[in-house]
Amino acid sequence: MENWVDKDLKYIWHPCSQMKDYEELSPIVIDHGEGVYLYDTDGKKYIDVISSWWCNLLGHCNPAISNALKEQADTLEHVIFANFTHKPAIRLAERLSKILPKGLCKFNFTDNGSSAIEAAMKVSFQYHEQTGNPQKTKFMALSDAYHGETIGALSVGDCDLYTKLYKPILMDIVRIEGPDCYRCPYGKCRDNCDCECAKKAEQIFAQYGNETAALLVEPLLQGSAGMKIYPPLYLRKLRELCDKYNVHLLADEIATGYGRTGKMFAFEHAGVSPDIMCLSKGLTGGYMPMAIFATTQKIYDAFYDDYNTGKAFMHSHTYSGNPMACSCANAVLDLMEDGKILKRAQENAVYFNNMIKDKFLSHKNVGEVRHIGLINAIEIVKNKDTKEAFDGKLRLGYQIYRKALKKGVILRPLGDVIYFNPPLIMEREDMNYATDVAKECMQEVLG
Ligand SMILES: *Cc1c(COP(=O)(O)O)cnc(C)c1O
């Protein structure tokens with residue numbers, strides 16, 4: 001019998017991993033998936049409560065999406081997307097234009113989230129350059145932001161774990177101290193504050209607004225920062241500032257889009273529209289790598305002119321608009337169109353959050369349980385009163401993760417934040433099991 005683990009370790013360099021850790025915890029060889037479950041080559045079952053890095057939306061091997069993909073593969077697998085087009089992409093763009101926040105009506109395709117972010121940044125800069133504001137060369141982003149890992153996307157991010165080492169080769173970004181609702185410096189709480197923290201943004205805009213092309217923001221949920229959640233009012237305040245200073249509001253909905261926050265897109269909670277929105281992860285249901293940035297007619301028009309004016313957006317990715325990915329994305333919209341999946345997820349979200357609060361809040365090391373949509377995060381702290389964190393070197397989250405894996409639950413905490421971000425179709429029995437396991441493992445590690 002082949003030893004897949006040995007061969008894996010011989011050849012493969014896994015993402016976001018210290019490979020030496022694999023000496024003690026070898027890679028799990030997944031054989032197949034079905035619904036919210038993954039099965040390894042020994043037949044052991046795992047509940048995928050993190051949606052395989054937040055992208056699986058409607059279950060593994062969802063028959064409708066799988067069929068759409070198979071049909072597309074037999075019809076047209078790929079075609080150059082400059083001067084050529086195809087029905088799956090056209091259909092997808094038309095449908096998105098009807099469900100995205102108002103005004104987003106032009107679509108550009110890339111093949112991963114980081115690339116969509118960078119393409120959107122380029123478009124924003126070029127727009128200002130072509131509309132008489134060449135001084136707008138800066139980008140703003142929030143503290144603790146995450147926008148991807150390529151050098152440009154990493155620059156706008158602010159999670160030390162990923163960025164710190166690379167600072168010498170990153171772009172300079174104007175950083176806005178963003179909301180930190182659990183440790184609010186104004187002593188407020190996120191359900192009834194006036195977003196006093198937006199004053200920080202006001203100050204930064206006053207200083208740099210005129211030189212800034214765009215402000216990037218993860219709406220309502222800063223995922224990689226540890227599922228930090230802030231109120232919609234903050235987005236409305238940013239919208240006002242962006243309008244005042246002619247700065248594009250660039251929404252990174254790569255993680256929050258597609259129902260993760262209880263609405264189809266997080267910006268809907270705020271009732272305002274961004275100028276540019278990036279989508280990926282849930283876009284294809286977790287089937288194919290694809291990302292999109294959507295933007296307004298106004299931005300599009302600034303690029304529309306005779307060829308020799310040099311105003312075109314000369315940006316491309318080889319796999320732009322891949323038909324198989326577009327077909328998966330259309331299949332996802334087919335499944336979500338009537339709103340039933342989202343409605344059920346919203347009902348389950350209330351149940352799930354209450355269950356998690358019941359099971360975890362009383363623990364001596366649980367600082368906060370926060371949630372938006374089906375996403376729930378449990379922040380573990382050393383001291384509940386002072387909110388002091390544990391020493392990161394203890395790797396408590398990682399220890400809990402390892403224990404939960406043994407019991408068939410994939411948790412993969414962010415530092416000391418244990419979170420659940422399940423496929424929208426996860427049902428209550430699995431929520432029960434996954435939270436029981438998480439609690440047991442937490443108690444084994446923390447007492
Ligand atoms: C995952 C993610 C990205 C990057 O997407 P990739 O496809 O991994 O490059 C960017 N922004 C947010 C908010 C994300 O969650």
# chains A, B, ... in the order shown; residues from 1 in each chain; ligands from 1

call {"tool": "residues_around", "arguments": {"residues": "A:Phe107", "least_positions_apart": "5", "cutoff": "9 Å", "atoms": "only C-alpha atoms", "output": "compact mmCIF listing (two decimals) with all heavy atoms, in the first residue's frame"}}
result
# COMPACT_ATOMS: atom_id res chain seq x y z
N ALA A 93 -22.45 37.70 -14.56
CA ALA A 93 -22.32 39.14 -14.35
C ALA A 93 -23.71 39.79 -14.29
O ALA A 93 -23.98 40.63 -13.43
CB ALA A 93 -21.48 39.76 -15.46
N LEU A 96 -25.28 38.92 -10.93
CA LEU A 96 -24.65 39.63 -9.81
C LEU A 96 -25.09 41.09 -9.79
O LEU A 96 -25.32 41.67 -8.73
CB LEU A 96 -23.13 39.52 -9.87
CG LEU A 96 -22.53 38.17 -9.45
CD1 LEU A 96 -21.02 38.15 -9.69
CD2 LEU A 96 -22.83 37.87 -7.98
N SER A 97 -25.20 41.68 -10.98
CA SER A 97 -25.57 43.10 -11.03
C SER A 97 -26.94 43.31 -10.38
O SER A 97 -27.23 44.41 -9.89
CB SER A 97 -25.56 43.62 -12.46
OG SER A 97 -26.69 43.12 -13.16
N ILE A 292 -13.73 38.11 -8.32
CA ILE A 292 -14.30 39.15 -9.17
C ILE A 292 -14.15 40.47 -8.43
O ILE A 292 -14.27 40.50 -7.21
CB ILE A 292 -15.81 38.88 -9.39
CG1 ILE A 292 -16.01 37.75 -10.40
CG2 ILE A 292 -16.57 40.13 -9.81
CD1 ILE A 292 -17.47 37.40 -10.65
N PHE A 293 -13.84 41.56 -9.18
CA PHE A 293 -14.18 42.84 -8.57
C PHE A 293 -15.31 43.45 -9.38
O PHE A 293 -15.34 43.33 -10.60
CB PHE A 293 -12.99 43.78 -8.38
CG PHE A 293 -12.52 44.55 -9.58
CD1 PHE A 293 -13.26 45.60 -10.13
CD2 PHE A 293 -11.28 44.27 -10.15
CE1 PHE A 293 -12.80 46.31 -11.22
CE2 PHE A 293 -10.81 44.97 -11.26
CZ PHE A 293 -11.59 45.99 -11.80
N ALA A 294 -16.25 44.02 -8.65
CA ALA A 294 -17.40 44.68 -9.27
C ALA A 294 -17.25 46.17 -9.01
O ALA A 294 -16.79 46.57 -7.94
CB ALA A 294 -18.69 44.18 -8.64
N THR A 295 -17.58 46.97 -10.00
CA THR A 295 -17.49 48.41 -9.78
C THR A 295 -18.61 49.16 -10.49
O THR A 295 -19.51 48.56 -11.08
CB THR A 295 -16.09 48.94 -10.15
OG1 THR A 295 -15.96 50.29 -9.69
CG2 THR A 295 -15.85 48.90 -11.66

call {"tool": "closest_atom_pairs", "arguments": {"of": "chain A", "to": "ligand 1", "cutoff": "7 Å", "atoms": "only C-alpha atoms and all ligand atoms", "output": "tab-separated table"}}
result
residue	atom	partner	partner_atom_place_in_ligand_line	distance
A:Asn112	CA	ligand 1	7 (O)	3.9
A:Gly113	CA	ligand 1	5 (O)	3.3
A:Ser114	CA	ligand 1	9 (O)	3.6
A:Ser115	CA	ligand 1	9 (O)	6.4
A:Tyr146	CA	ligand 1	13 (C)	5.6
A:His147	CA	ligand 1	11 (N)	3.6
A:Gly148	CA	ligand 1	4 (C)	3.7
A:Glu149	CA	ligand 1	9 (O)	6.2
A:Glu218	CA	ligand 1	13 (C)	5.8
A:Gln222	CA	ligand 1	13 (C)	7.0
A:Gly223	CA	ligand 1	15 (O)	6.2
A:Ser224	CA	ligand 1	15 (O)	6.7
A:Asp252	CA	ligand 1	13 (C)	5.6
A:Glu253	CA	ligand 1	13 (C)	6.2
A:Ile254	CA	ligand 1	12 (C)	4.9
A:Ala255	CA	ligand 1	15 (O)	4.2
A:Ser280	CA	ligand 1	7 (O)	6.5
A:Lys281	CA	ligand 1	7 (O)	6.7

call {"tool": "write_last_selection", "arguments": {"atoms": "N, CA and C atoms", "output": "mmCIF file, in the first residue's frame"}}
result
data_model
loop_
_atom_site.group_PDB
_atom_site.id
_atom_site.type_symbol
_atom_site.label_atom_id
_atom_site.label_comp_id
_atom_site.auth_asym_id
_atom_site.auth_seq_id
_atom_site.Cartn_x
_atom_site.Cartn_y
_atom_site.Cartn_z
ATOM 1 N N ASN A 112 -8.029 34.595 -7.905
ATOM 2 C CA ASN A 112 -7.946 34.427 -6.442
ATOM 3 C C ASN A 112 -8.203 35.775 -5.788
ATOM 4 N N GLY A 113 -8.481 35.731 -4.492
ATOM 5 C CA GLY A 113 -8.880 36.944 -3.793
ATOM 6 C C GLY A 113 -7.811 38.025 -3.799
ATOM 7 N N SER A 114 -6.572 37.634 -3.513
ATOM 8 C CA SER A 114 -5.493 38.625 -3.466
ATOM 9 C C SER A 114 -5.377 39.372 -4.789
ATOM 10 N N SER A 115 -5.500 38.648 -5.873
ATOM 11 C CA SER A 115 -5.397 39.280 -7.196
ATOM 12 C C SER A 115 -6.546 40.234 -7.449
ATOM 13 N N TYR A 146 -6.940 42.203 6.865
ATOM 14 C CA TYR A 146 -6.383 41.113 6.062
ATOM 15 C C TYR A 146 -6.985 41.196 4.666
ATOM 16 N N HIS A 147 -6.135 41.270 3.653
ATOM 17 C CA HIS A 147 -6.644 41.345 2.283
ATOM 18 C C HIS A 147 -5.940 40.381 1.342
ATOM 19 N N GLY A 148 -5.158 39.462 1.877
ATOM 20 C CA GLY A 148 -4.488 38.485 1.020
ATOM 21 C C GLY A 148 -2.990 38.498 1.230
ATOM 22 N N GLU A 149 -2.301 37.694 0.446
ATOM 23 C CA GLU A 149 -0.899 37.398 0.752
ATOM 24 C C GLU A 149 0.104 37.811 -0.321
ATOM 25 N N GLU A 218 -12.713 45.375 5.262
ATOM 26 C CA GLU A 218 -13.469 44.130 5.381
ATOM 27 C C GLU A 218 -14.751 44.502 6.128
ATOM 28 N N GLN A 222 -13.650 41.395 10.527
ATOM 29 C CA GLN A 222 -12.244 41.257 10.162
ATOM 30 C C GLN A 222 -11.864 39.820 10.484
ATOM 31 N N GLY A 223 -11.925 38.985 9.469
ATOM 32 C CA GLY A 223 -11.830 37.537 9.663
ATOM 33 C C GLY A 223 -10.497 37.079 10.231
ATOM 34 N N SER A 224 -9.432 37.292 9.473
ATOM 35 C CA SER A 224 -8.136 36.762 9.888
ATOM 36 C C SER A 224 -7.630 37.406 11.167
ATOM 37 N N ASP A 252 -13.835 44.628 0.682
ATOM 38 C CA ASP A 252 -13.303 43.274 0.544
ATOM 39 C C ASP A 252 -14.342 42.318 1.133
ATOM 40 N N GLU A 253 -15.226 41.817 0.270
ATOM 41 C CA GLU A 253 -16.266 40.872 0.714
ATOM 42 C C GLU A 253 -15.872 39.438 0.361
ATOM 43 N N ILE A 254 -14.575 39.217 0.244
ATOM 44 C CA ILE A 254 -14.094 37.879 -0.106
ATOM 45 C C ILE A 254 -14.533 36.863 0.945
ATOM 46 N N ALA A 255 -14.471 37.264 2.218
ATOM 47 C CA ALA A 255 -14.886 36.346 3.283
ATOM 48 C C ALA A 255 -16.338 36.560 3.692
ATOM 49 N N SER A 280 -14.788 36.422 -3.647
ATOM 50 C CA SER A 280 -14.124 35.157 -4.007
ATOM 51 C C SER A 280 -14.694 34.091 -3.076
ATOM 52 N N LYS A 281 -13.862 33.266 -2.479
ATOM 53 C CA LYS A 281 -14.301 32.241 -1.518
ATOM 54 C C LYS A 281 -15.676 31.625 -1.858
#

call {"tool": "select_by_dssp", "arguments": {"residues": "stretch 270-388 of chain A", "states": "strand (DSSP E or B)", "output": "list in words"}}
result
Ile276, Met277, Cys278, Leu279, Ala291, Ile292, Phe293, Ala294, Thr295, Val366, Gly367, Glu368, Val369, Arg370, His371, Ile372, Ile375, Asn376, Ala377, Ile378, Glu379, Ile380, Asn383 and Glu388 of chain A

call {"tool": "residues_around", "arguments": {"residues": "stretch 393-408 of chain A", "least_positions_apart": "3", "cutoff": "12 Å", "atoms": "only C-alpha atoms", "output": "MDAnalysis selection string"}}
result
chainID A and resid 17 21:22 24:28 36:40 43:50 226 365 378:382 389:390 411:419 430 433:447

call {"tool": "select_by_dssp", "arguments": {"residues": "stretch 146-377 of chain A", "states": "helix (DSSP H, G or I)", "output": "PyMOL selection string"}}
result
chain A and resi 151-156+160-169+198-211+232-245+267-270+281-284+297-301+307-309+323-336+340-360

call {"tool": "closest_residue", "arguments": {"among": "A:Pro323, A:Pro231, A:Pro423, A:Gly157", "to": "A:Pro179", "atoms": "only C-alpha atoms"}}
result
A:Pro231

call {"tool": "residues_around", "arguments": {"residues": "A:Lys136", "least_positions_apart": "5", "cutoff": "7 Å", "atoms": "only C-alpha atoms", "output": "VMD selection string"}}
result
chain A and resid 125 128 210 to 213

call {"tool": "write_last_selection", "arguments": {"atoms": "C-alpha atoms", "output": "mmCIF file, in the first residue's frame"}}
result
data_model
loop_
_atom_site.group_PDB
_atom_site.id
_atom_site.type_symbol
_atom_site.label_atom_id
_atom_site.label_comp_id
_atom_site.auth_asym_id
_atom_site.auth_seq_id
_atom_site.Cartn_x
_atom_site.Cartn_y
_atom_site.Cartn_z
ATOM 1 C CA PHE A 125 -5.391 54.557 -8.724
ATOM 2 C CA HIS A 128 -7.969 59.097 -10.178
ATOM 3 C CA ASN A 210 -6.603 64.309 -0.739
ATOM 4 C CA GLU A 211 -3.693 62.032 -1.606
ATOM 5 C CA THR A 212 -5.613 58.803 -1.184
ATOM 6 C CA ALA A 213 -7.104 56.716 -3.974
#

call {"tool": "closest_atom_pairs", "arguments": {"of": "stretch 216-302 of chain A", "to": "stretch 182-198 of chain A", "cutoff": "9 Å", "atoms": "only C-alpha atoms", "output": "CSV"}}
result
residue,atom,partner,partner_atom,distance
A:Lys228,CA,A:Tyr182,CA,8.1
A:Ile229,CA,A:Arg190,CA,8.4
A:Tyr230,CA,A:Arg190,CA,6.3
A:Pro231,CA,A:Arg190,CA,6.1
A:Leu233,CA,A:Cys195,CA,6.8
A:Tyr234,CA,A:Cys195,CA,5.9
A:Lys237,CA,A:Ala198,CA,6.9
A:Leu238,CA,A:Ala198,CA,7.7

call {"tool": "write_last_selection", "arguments": {"atoms": "N, CA and C atoms", "output": "PDB file, in the first residue's frame"}}
result
ATOM      1  N   LYS A 228     -12.986  39.549  14.288  1.00  0.00           N
ATOM      2  CA  LYS A 228     -13.393  40.787  14.972  1.00  0.00           C
ATOM      3  C   LYS A 228     -14.631  41.339  14.276  1.00  0.00           C
ATOM      4  N   ILE A 229     -15.629  41.698  15.061  1.00  0.00           N
ATOM      5  CA  ILE A 229     -16.910  42.125  14.494  1.00  0.00           C
ATOM      6  C   ILE A 229     -17.215  43.555  14.947  1.00  0.00           C
ATOM      7  N   TYR A 230     -17.657  44.387  14.009  1.00  0.00           N
ATOM      8  CA  TYR A 230     -17.993  45.769  14.366  1.00  0.00           C
ATOM      9  C   TYR A 230     -19.320  46.164  13.706  1.00  0.00           C
ATOM     10  N   PRO A 231     -19.960  47.226  14.199  1.00  0.00           N
ATOM     11  CA  PRO A 231     -21.324  47.554  13.736  1.00  0.00           C
ATOM     12  C   PRO A 231     -21.366  48.248  12.365  1.00  0.00           C
ATOM     13  N   LEU A 233     -22.844  50.878  11.418  1.00  0.00           N
ATOM     14  CA  LEU A 233     -22.730  52.339  11.456  1.00  0.00           C
ATOM     15  C   LEU A 233     -21.327  52.796  11.046  1.00  0.00           C
ATOM     16  N   TYR A 234     -20.334  52.008  11.429  1.00  0.00           N
ATOM     17  CA  TYR A 234     -18.952  52.372  11.092  1.00  0.00           C
ATOM     18  C   TYR A 234     -18.771  52.464   9.572  1.00  0.00           C
ATOM     19  N   LYS A 237     -20.221  55.660   8.268  1.00  0.00           N
ATOM     20  CA  LYS A 237     -19.332  56.801   8.537  1.00  0.00           C
ATOM     21  C   LYS A 237     -18.160  56.820   7.548  1.00  0.00           C
ATOM     22  N   LEU A 238     -17.639  55.636   7.238  1.00  0.00           N
ATOM     23  CA  LEU A 238     -16.553  55.588   6.253  1.00  0.00           C
ATOM     24  C   LEU A 238     -17.054  56.045   4.881  1.00  0.00           C
TER      25      LEU A 238
END

call {"tool": "atom_distance", "arguments": {"atom1": "atom CA of A:Met277", "atom2": "atom CA of A:Ala251"}}
result
4.6 Å

call {"tool": "closest_residue", "arguments": {"among": "A:Ala145, A:Ala312, A:Ala206, A:Leu69", "to": "A:Leu221", "atoms": "only C-alpha atoms"}}
result
A:Ala145

call {"tool": "closest_residue", "arguments": {"among": "A:Glu177, A:Asp31, A:Glu94, A:Glu129", "to": "A:Ile204", "atoms": "only C-alpha atoms"}}
result
A:Glu177

call {"tool": "residues_around", "arguments": {"residues": "stretch 164-174 of chain A", "least_positions_apart": "5", "cutoff": "12 Å", "atoms": "only C-alpha atoms", "output": "PDB file with C-alpha atoms, in the first residue's frame"}}
result
ATOM      1  CA  THR A 137      -1.349  57.602  -4.908  1.00  0.00           C
ATOM      2  CA  LYS A 138      -1.978  56.342  -1.383  1.00  0.00           C
ATOM      3  CA  PHE A 139      -4.176  53.606   0.011  1.00  0.00           C
ATOM      4  CA  MET A 140      -5.794  53.476   3.416  1.00  0.00           C
ATOM      5  CA  ALA A 141      -6.657  50.363   5.355  1.00  0.00           C
ATOM      6  CA  LEU A 142      -7.707  49.443   8.878  1.00  0.00           C
ATOM      7  CA  SER A 143      -5.587  48.111  11.689  1.00  0.00           C
ATOM      8  CA  ASP A 144      -5.668  44.303  11.868  1.00  0.00           C
ATOM      9  CA  ALA A 145      -6.850  44.152   8.261  1.00  0.00           C
ATOM     10  CA  GLU A 149      -0.899  37.398   0.752  1.00  0.00           C
ATOM     11  CA  THR A 150       0.608  38.654  -2.492  1.00  0.00           C
ATOM     12  CA  ILE A 151       2.912  41.614  -1.978  1.00  0.00           C
ATOM     13  CA  GLY A 152       0.351  44.343  -2.741  1.00  0.00           C
ATOM     14  CA  ALA A 153      -2.453  42.643  -0.838  1.00  0.00           C
ATOM     15  CA  LEU A 154      -0.125  41.885   2.044  1.00  0.00           C
ATOM     16  CA  SER A 155       0.847  45.564   2.175  1.00  0.00           C
ATOM     17  CA  VAL A 156      -2.702  46.692   2.880  1.00  0.00           C
ATOM     18  CA  GLY A 157      -3.030  43.962   5.495  1.00  0.00           C
ATOM     19  CA  ASP A 158      -1.958  44.447   9.085  1.00  0.00           C
ATOM     20  CA  CYS A 159      -1.813  41.024  10.729  1.00  0.00           C
ATOM     21  CA  ALA A 201     -10.675  57.772  10.571  1.00  0.00           C
ATOM     22  CA  GLN A 203      -8.372  62.554  11.543  1.00  0.00           C
ATOM     23  CA  ILE A 204      -6.555  60.377   9.052  1.00  0.00           C
ATOM     24  CA  PHE A 205      -8.804  61.513   6.200  1.00  0.00           C
ATOM     25  CA  GLN A 207      -4.481  64.479   6.858  1.00  0.00           C
ATOM     26  CA  TYR A 208      -4.267  62.142   3.866  1.00  0.00           C
ATOM     27  CA  GLY A 209      -7.684  62.138   2.166  1.00  0.00           C
ATOM     28  CA  GLU A 211      -3.693  62.032  -1.606  1.00  0.00           C
ATOM     29  CA  THR A 212      -5.613  58.803  -1.184  1.00  0.00           C
ATOM     30  CA  ALA A 213      -7.104  56.716  -3.974  1.00  0.00           C
ATOM     31  CA  ALA A 214      -9.033  54.147  -1.948  1.00  0.00           C
ATOM     32  CA  LEU A 215      -9.814  52.874   1.510  1.00  0.00           C
ATOM     33  CA  LEU A 216      -9.955  49.107   1.789  1.00  0.00           C
TER      34      LEU A 216
END

call {"tool": "atom_distance", "arguments": {"atom1": "atom CA of A:Val217", "atom2": "atom CA of A:Leu342"}}
result
23.8 Å

call {"tool": "closest_residue", "arguments": {"among": "A:Phe267, A:Tyr319, A:Trp13, A:Tyr307", "to": "A:Leu249", "atoms": "only C-alpha atoms"}}
result
A:Phe267

call {"tool": "residues_around", "arguments": {"residues": "A:Lys122", "least_positions_apart": "4", "cutoff": "10 Å", "atoms": "only C-alpha atoms", "output": "compact mmCIF listing (two decimals) with C-alpha atoms, in the first residue's frame"}}
result
# COMPACT_ATOMS: atom_id res chain seq x y z
CA ALA A 116 -8.87 40.79 -7.15
CA ILE A 117 -7.75 43.14 -4.36
CA GLU A 118 -4.69 44.23 -6.31
CA GLN A 126 -5.82 54.69 -12.49
CA TYR A 127 -9.30 56.18 -12.19
CA ALA A 213 -7.10 56.72 -3.97
CA ALA A 214 -9.03 54.15 -1.95
CA PHE A 313 -7.17 48.88 -17.90
CA MET A 314 -4.31 46.77 -19.23
CA HIS A 315 -4.54 44.12 -16.54
